[in-house]
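Participant: My questions will all concern the structure given below.
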Amino acid sequence: MTQRMFEQTEQALHRTFETPQDYGQHDERFSDPPLDNELGSTKRTSSCRSTDAQCLCGYEDQVEKPEPNQQAKFQVFPPVNFTLTVSALAQVLLHWKPNPNQEPKNYTIRYDVKILSPVPEEYDTKKTHSIRTAVLHNGFSAHIRTLLLHNDLQMRSDWVKEKLLPLPGAPETSVTNLSCVTRITISSTVSLHCTWLPGRGAPEDTEYFLFYRYETYTEECQDYIKDKWNRNTECRFSVTHIDPEEVDKLIVIHINGSSKYAAIKPFQQLFNQNAIEKVNVPRNVTVFLEQNDLLATWEKPISPFPKECFEYEFYLFNLKSGNKQILKISSNDFRLWIDVTNRYSIQIRANHHICCTRGFWSDWSEIIYVGQNKLEDPVAWILAVLCVSTYCTFLLVAVICKINHIWSKLFPPIPTPSNKFRDPFPNDYERARTCTSDLETEFGSFAEDLYCSALDNSVF
């Protein structure tokens, strides 16, 4: 698939000799350094001359201009067969040949190269080829001319121009908001994680495919994460060919796509490998108190760079007063006076400092507590409150039951039915009824007292 993608890209890039246009900008940090400056680049200085009360400023070469007879002696011809070739993802080979009409004499021939887009750049070289790394989805444009050096004279030919057309595709179908993060693993390999959003004009059936290039190695993603429309929006490489020991090398990300309803425009972006690195957390953080001083030590994160290459942020939070401090530290230890009667929480994180471009700050280390007034576990507080509340509730029920005789009201004694027939033995009957009522009353009181007593025993 990678070879097929390269062939389609090369077929879509046509060369022409029309006047170049500026197709877009990106960070100049991501352009390759000038090549082949053995004799040094031409030094240009600013000059200003007055003309009718106006000052016209520009840049002039800091060399003597030849006399007319000297110019006639040396004729400078522009290079021939100037071509632009896509040699890899986001990589262009500029190639040309010396003009055969240039007579070989006692002078030096060099070439001025001017990149117009996507990032303006100027340099000179004595070779007849040059390789540049640049995003190509909006095209590429360059000029070249012959530079003749003889003693203190510098003479130049006319410019030869060429450009690559933008990659084909419907507007607003390219991915947007592309971001990537790398991490150095324990095994000293580098992982890569990229996310993006589909283009606003991309159909719902669009499938995006991501490739990364590092140096000469190119690989297609095999592990995608999809959105709710089943479109690829994330990619993960658990292991890559990115060298963790290199400094400020470029990672090329290329994302193309396919759809039944529109041609998806490819998108490319260059990343500095150190600028997108998520630094690992500092290791073995140790914190202790020495009288009124807080002492903290730790080890550098997992990284091939030495400890001098890192800086740290020390986060100190006073749990009693709520005060927060974030202190910048460039070493692996720290001493600070604190009020030991307070309780503090401490965390540390790291980032690149000197050896390379700063990356993303690491996550904060695990919280470490020091000082007095220990912060109780909130779960323990909740359980304690629940236990006390339950105890108080049962106690209140028992007291109410004891005072108001709740059970005698809920379960009153059953009354004796009246007798409508005349009792031939009224005295005996009255005595029997009186005895029964007294017995029932005593039994009811006894049952009530027994229940309340049992309830009190169970509560207390």
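Chains: A, B, ... in order of the structure tokens. Residues: from 1 per chain. Ligands: from 1, in order shown.
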Could you give me, as JSON lines, a per-residue list for stretch 174-259 of chain A showing, wherever an atom lies at most 12 Å from an atom of stretch 136-142 of chain A, the closest pair of atoms and their distance in Å to one decimal, using only C-alpha atoms and sorting by chain then residue number from low to high?
Facilitator:
{"residue": "A:Ser174", "atom": "CA", "partner": "A:His137", "partner_atom": "CA", "distance": 9.7}
{"residue": "A:Val175", "atom": "CA", "partner": "A:His137", "partner_atom": "CA", "distance": 11.8}
{"residue": "A:Val252", "atom": "CA", "partner": "A:Leu136", "partner_atom": "CA", "distance": 11.2}
{"residue": "A:Ile253", "atom": "CA", "partner": "A:Leu136", "partner_atom": "CA", "distance": 11.5}
{"residue": "A:His254", "atom": "CA", "partner": "A:His137", "partner_atom": "CA", "distance": 9.4}
{"residue": "A:Ile255", "atom": "CA", "partner": "A:His137", "partner_atom": "CA", "distance": 10.2}
{"residue": "A:Asn256", "atom": "CA", "partner": "A:His137", "partner_atom": "CA", "distance": 10.2}
Participant: Compile the contact shell of A:Leu316 as a PyMOL selection string: residues with an atom at most 8 Å away, counting only C-alpha atoms, same-chain residues fewer than 5 positions apart removed.
Facilitator: chain A and resi 324-326+344-347
Participant: Between atom CA of A:Thr218 and atom CA of A:Pro166, measure the distance and give it in Å to one decimal.
Facilitator: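 Interatomic distance here is 21.7 Å.
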Participant: Using only C-alpha atoms, pick whichever of A:His143, A:Arg132, A:Lys127, A:Lys307 has the shortest atom-to-atom distance to A:Val113.
Facilitator: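 Selected residue with least distance to A:Val113: A:His143.
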Participant: Would you mind telling me which residue in A:Lys105, A:Lys260, A:Lys278, A:His150 lies nearest to A:His193 when using only C-alpha atoms?
Facilitator: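 Ranked by minimum distance to A:His193, first place goes to A:Lys278.
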Participant: Kindly indicate which residue among A:Leu294, A:Ala202, A:Glu246, A:Thr286 lies nearest to A:Glu366, using only C-alpha atoms for the distances.
Facilitator: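 The answer is A:Thr286, which sits nearest to A:Glu366.
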Participant: So, counting only C-alpha atoms, which residue among A:Cys194, A:Ile302, A:Cys309, A:Ile251 is closest to A:Tyr224?
Facilitator: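 Counting only C-alpha atoms, the residue closest to A:Tyr224 is A:Cys194.
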Participant: Would you mind reading off the distance between atom CA of A:Glu313 and atom CA of A:Phe271, one decimal, in Å?
Facilitator: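 Atom-to-atom, atom CA of A:Glu313 and atom CA of A:Phe271 are spaced 25.3 Å apart.
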Participant: Name the residues in contact with A:Asn106 at a cut-off of 12 Å, using only C-alpha atoms, excluding same-chain residues fewer than 4 positions from it; report them as a ChimeraX atom specification.
Facilitator: /A:74,102,148-151
Participant: One decimal, in Å: what's the spacing between atom CA of A:Pro98 and atom CA of A:Thr146?
Facilitator: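 Calculated distance between atom CA of A:Pro98 and atom CA of A:Thr146 is 8.2 Å.
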Participant: Hey, what's within 12 Å of A:Phe314 if we count only C-alpha atoms and toss same-chain stuff fewer than 6 positions away? As a PyMOL selection string, please?
Facilitator: chain A and resi 282+285+287+295-298+324-336+345-350+364-365+367-368
Participant: Please produce a file of those selected residues containing N, CA, C and O atoms, as a compact mmCIF listing (two decimals), in the first residue's frame.
Facilitator:
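Listing of selection34.txt after writing:
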# COMPACT_ATOMS: atom_id res chain seq x y z
N PRO A 282 9.21 11.73 36.88
CA PRO A 282 10.42 11.48 37.69
C PRO A 282 10.24 10.24 38.56
O PRO A 282 9.14 9.95 39.04
N VAL A 285 10.75 9.29 43.94
CA VAL A 285 10.64 10.55 44.67
C VAL A 285 10.61 10.25 46.17
O VAL A 285 9.81 9.43 46.64
N VAL A 287 10.63 12.15 50.07
CA VAL A 287 10.43 13.41 50.80
C VAL A 287 10.49 13.10 52.29
O VAL A 287 9.87 12.14 52.76
N LEU A 295 13.10 18.17 52.78
CA LEU A 295 14.11 17.68 51.86
C LEU A 295 13.45 16.70 50.88
O LEU A 295 12.71 15.79 51.29
N ALA A 296 13.69 16.91 49.58
CA ALA A 296 13.12 16.04 48.54
C ALA A 296 14.21 15.65 47.56
O ALA A 296 15.05 16.48 47.16
N THR A 297 14.24 14.40 47.16
CA THR A 297 15.18 13.90 46.15
C THR A 297 14.42 13.00 45.18
O THR A 297 13.38 12.42 45.53
N TRP A 298 14.92 12.88 43.95
CA TRP A 298 14.28 12.04 42.94
C TRP A 298 15.30 11.72 41.85
O TRP A 298 16.38 12.31 41.79
N LYS A 324 -0.85 27.35 47.69
CA LYS A 324 -0.20 26.52 46.68
C LYS A 324 1.07 27.19 46.20
O LYS A 324 1.12 28.40 46.06
N GLN A 325 2.10 26.39 45.92
CA GLN A 325 3.35 26.89 45.36
C GLN A 325 3.84 25.94 44.28
O GLN A 325 3.78 24.72 44.44
N ILE A 326 4.28 26.50 43.14
CA ILE A 326 4.94 25.73 42.09
C ILE A 326 6.31 26.34 41.87
O ILE A 326 6.44 27.48 41.43
N LEU A 327 7.35 25.57 42.18
CA LEU A 327 8.73 26.07 42.14
C LEU A 327 9.49 25.39 41.00
O LEU A 327 9.37 24.18 40.79
N LYS A 328 10.26 26.19 40.23
CA LYS A 328 11.09 25.68 39.15
C LYS A 328 12.43 25.21 39.73
O LYS A 328 13.09 25.95 40.46
N ILE A 329 12.83 23.99 39.38
CA ILE A 329 14.06 23.41 39.91
C ILE A 329 14.82 22.76 38.76
O ILE A 329 14.22 22.09 37.91
N SER A 330 16.14 22.94 38.73
CA SER A 330 16.97 22.37 37.67
C SER A 330 17.86 21.24 38.16
O SER A 330 18.69 20.74 37.40
N SER A 331 17.73 20.84 39.43
CA SER A 331 18.54 19.75 39.98
C SER A 331 17.61 18.63 40.43
O SER A 331 16.40 18.71 40.30
N ASN A 332 18.23 17.56 40.98
CA ASN A 332 17.47 16.40 41.41
C ASN A 332 17.24 16.36 42.92
O ASN A 332 16.90 15.31 43.46
N ASP A 333 17.44 17.47 43.59
CA ASP A 333 17.15 17.52 45.01
C ASP A 333 16.69 18.93 45.35
O ASP A 333 16.92 19.89 44.60
N PHE A 334 16.07 19.05 46.54
CA PHE A 334 15.46 20.33 46.89
C PHE A 334 15.33 20.41 48.40
O PHE A 334 15.05 19.42 49.08
N ARG A 335 15.56 21.62 48.94
CA ARG A 335 15.41 21.87 50.37
C ARG A 335 14.60 23.14 50.55
O ARG A 335 14.86 24.16 49.90
N LEU A 336 13.62 23.09 51.46
CA LEU A 336 12.74 24.24 51.66
C LEU A 336 12.30 24.28 53.11
O LEU A 336 11.93 23.25 53.70
N SER A 345 0.99 18.40 50.89
CA SER A 345 1.05 17.40 49.83
C SER A 345 2.06 17.86 48.79
O SER A 345 2.15 19.06 48.49
N ILE A 346 2.82 16.92 48.20
CA ILE A 346 3.93 17.25 47.31
C ILE A 346 3.84 16.39 46.05
O ILE A 346 3.57 15.19 46.12
N GLN A 347 4.07 17.05 44.88
CA GLN A 347 4.15 16.36 43.60
C GLN A 347 5.25 17.01 42.75
O GLN A 347 5.55 18.18 42.90
N ILE A 348 5.82 16.21 41.81
CA ILE A 348 6.90 16.69 40.94
C ILE A 348 6.63 16.22 39.52
O ILE A 348 6.12 15.12 39.30
N ARG A 349 6.98 17.08 38.54
CA ARG A 349 6.93 16.69 37.13
C ARG A 349 8.16 17.22 36.40
O ARG A 349 8.87 18.10 36.92
N ALA A 350 8.42 16.70 35.18
CA ALA A 350 9.69 16.98 34.49
C ALA A 350 9.45 17.38 33.04
O ALA A 350 8.39 17.13 32.45
N TRP A 364 2.10 14.55 36.77
CA TRP A 364 2.58 14.75 38.13
C TRP A 364 2.84 13.40 38.79
O TRP A 364 2.15 12.42 38.54
N SER A 365 3.84 13.35 39.62
CA SER A 365 4.13 12.14 40.38
C SER A 365 3.03 11.90 41.41
O SER A 365 2.18 12.77 41.65
N ILE A 367 1.07 11.64 44.89
CA ILE A 367 1.07 12.58 46.01
C ILE A 367 1.79 11.98 47.21
O ILE A 367 1.58 10.82 47.57
N ILE A 368 2.65 12.80 47.83
CA ILE A 368 3.34 12.42 49.06
C ILE A 368 2.97 13.44 50.13
O ILE A 368 3.01 14.65 49.88
Participant: Of the candidates A:Gln273, A:Thr206, A:Ser188, A:Thr85, which one gets nearest to A:Asn230 if we count only C-alpha atoms?
Facilitator: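 Among the listed residues, the smallest separation from A:Asn230 belongs to A:Thr206.
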Participant: Please identify which residues in stretch 201-382 of chain A DSSP calls helix (DSSP H, G or I) from the backbone, and express them as a PyMOL selection string.
Facilitator: chain A and resi 307-309+378-382
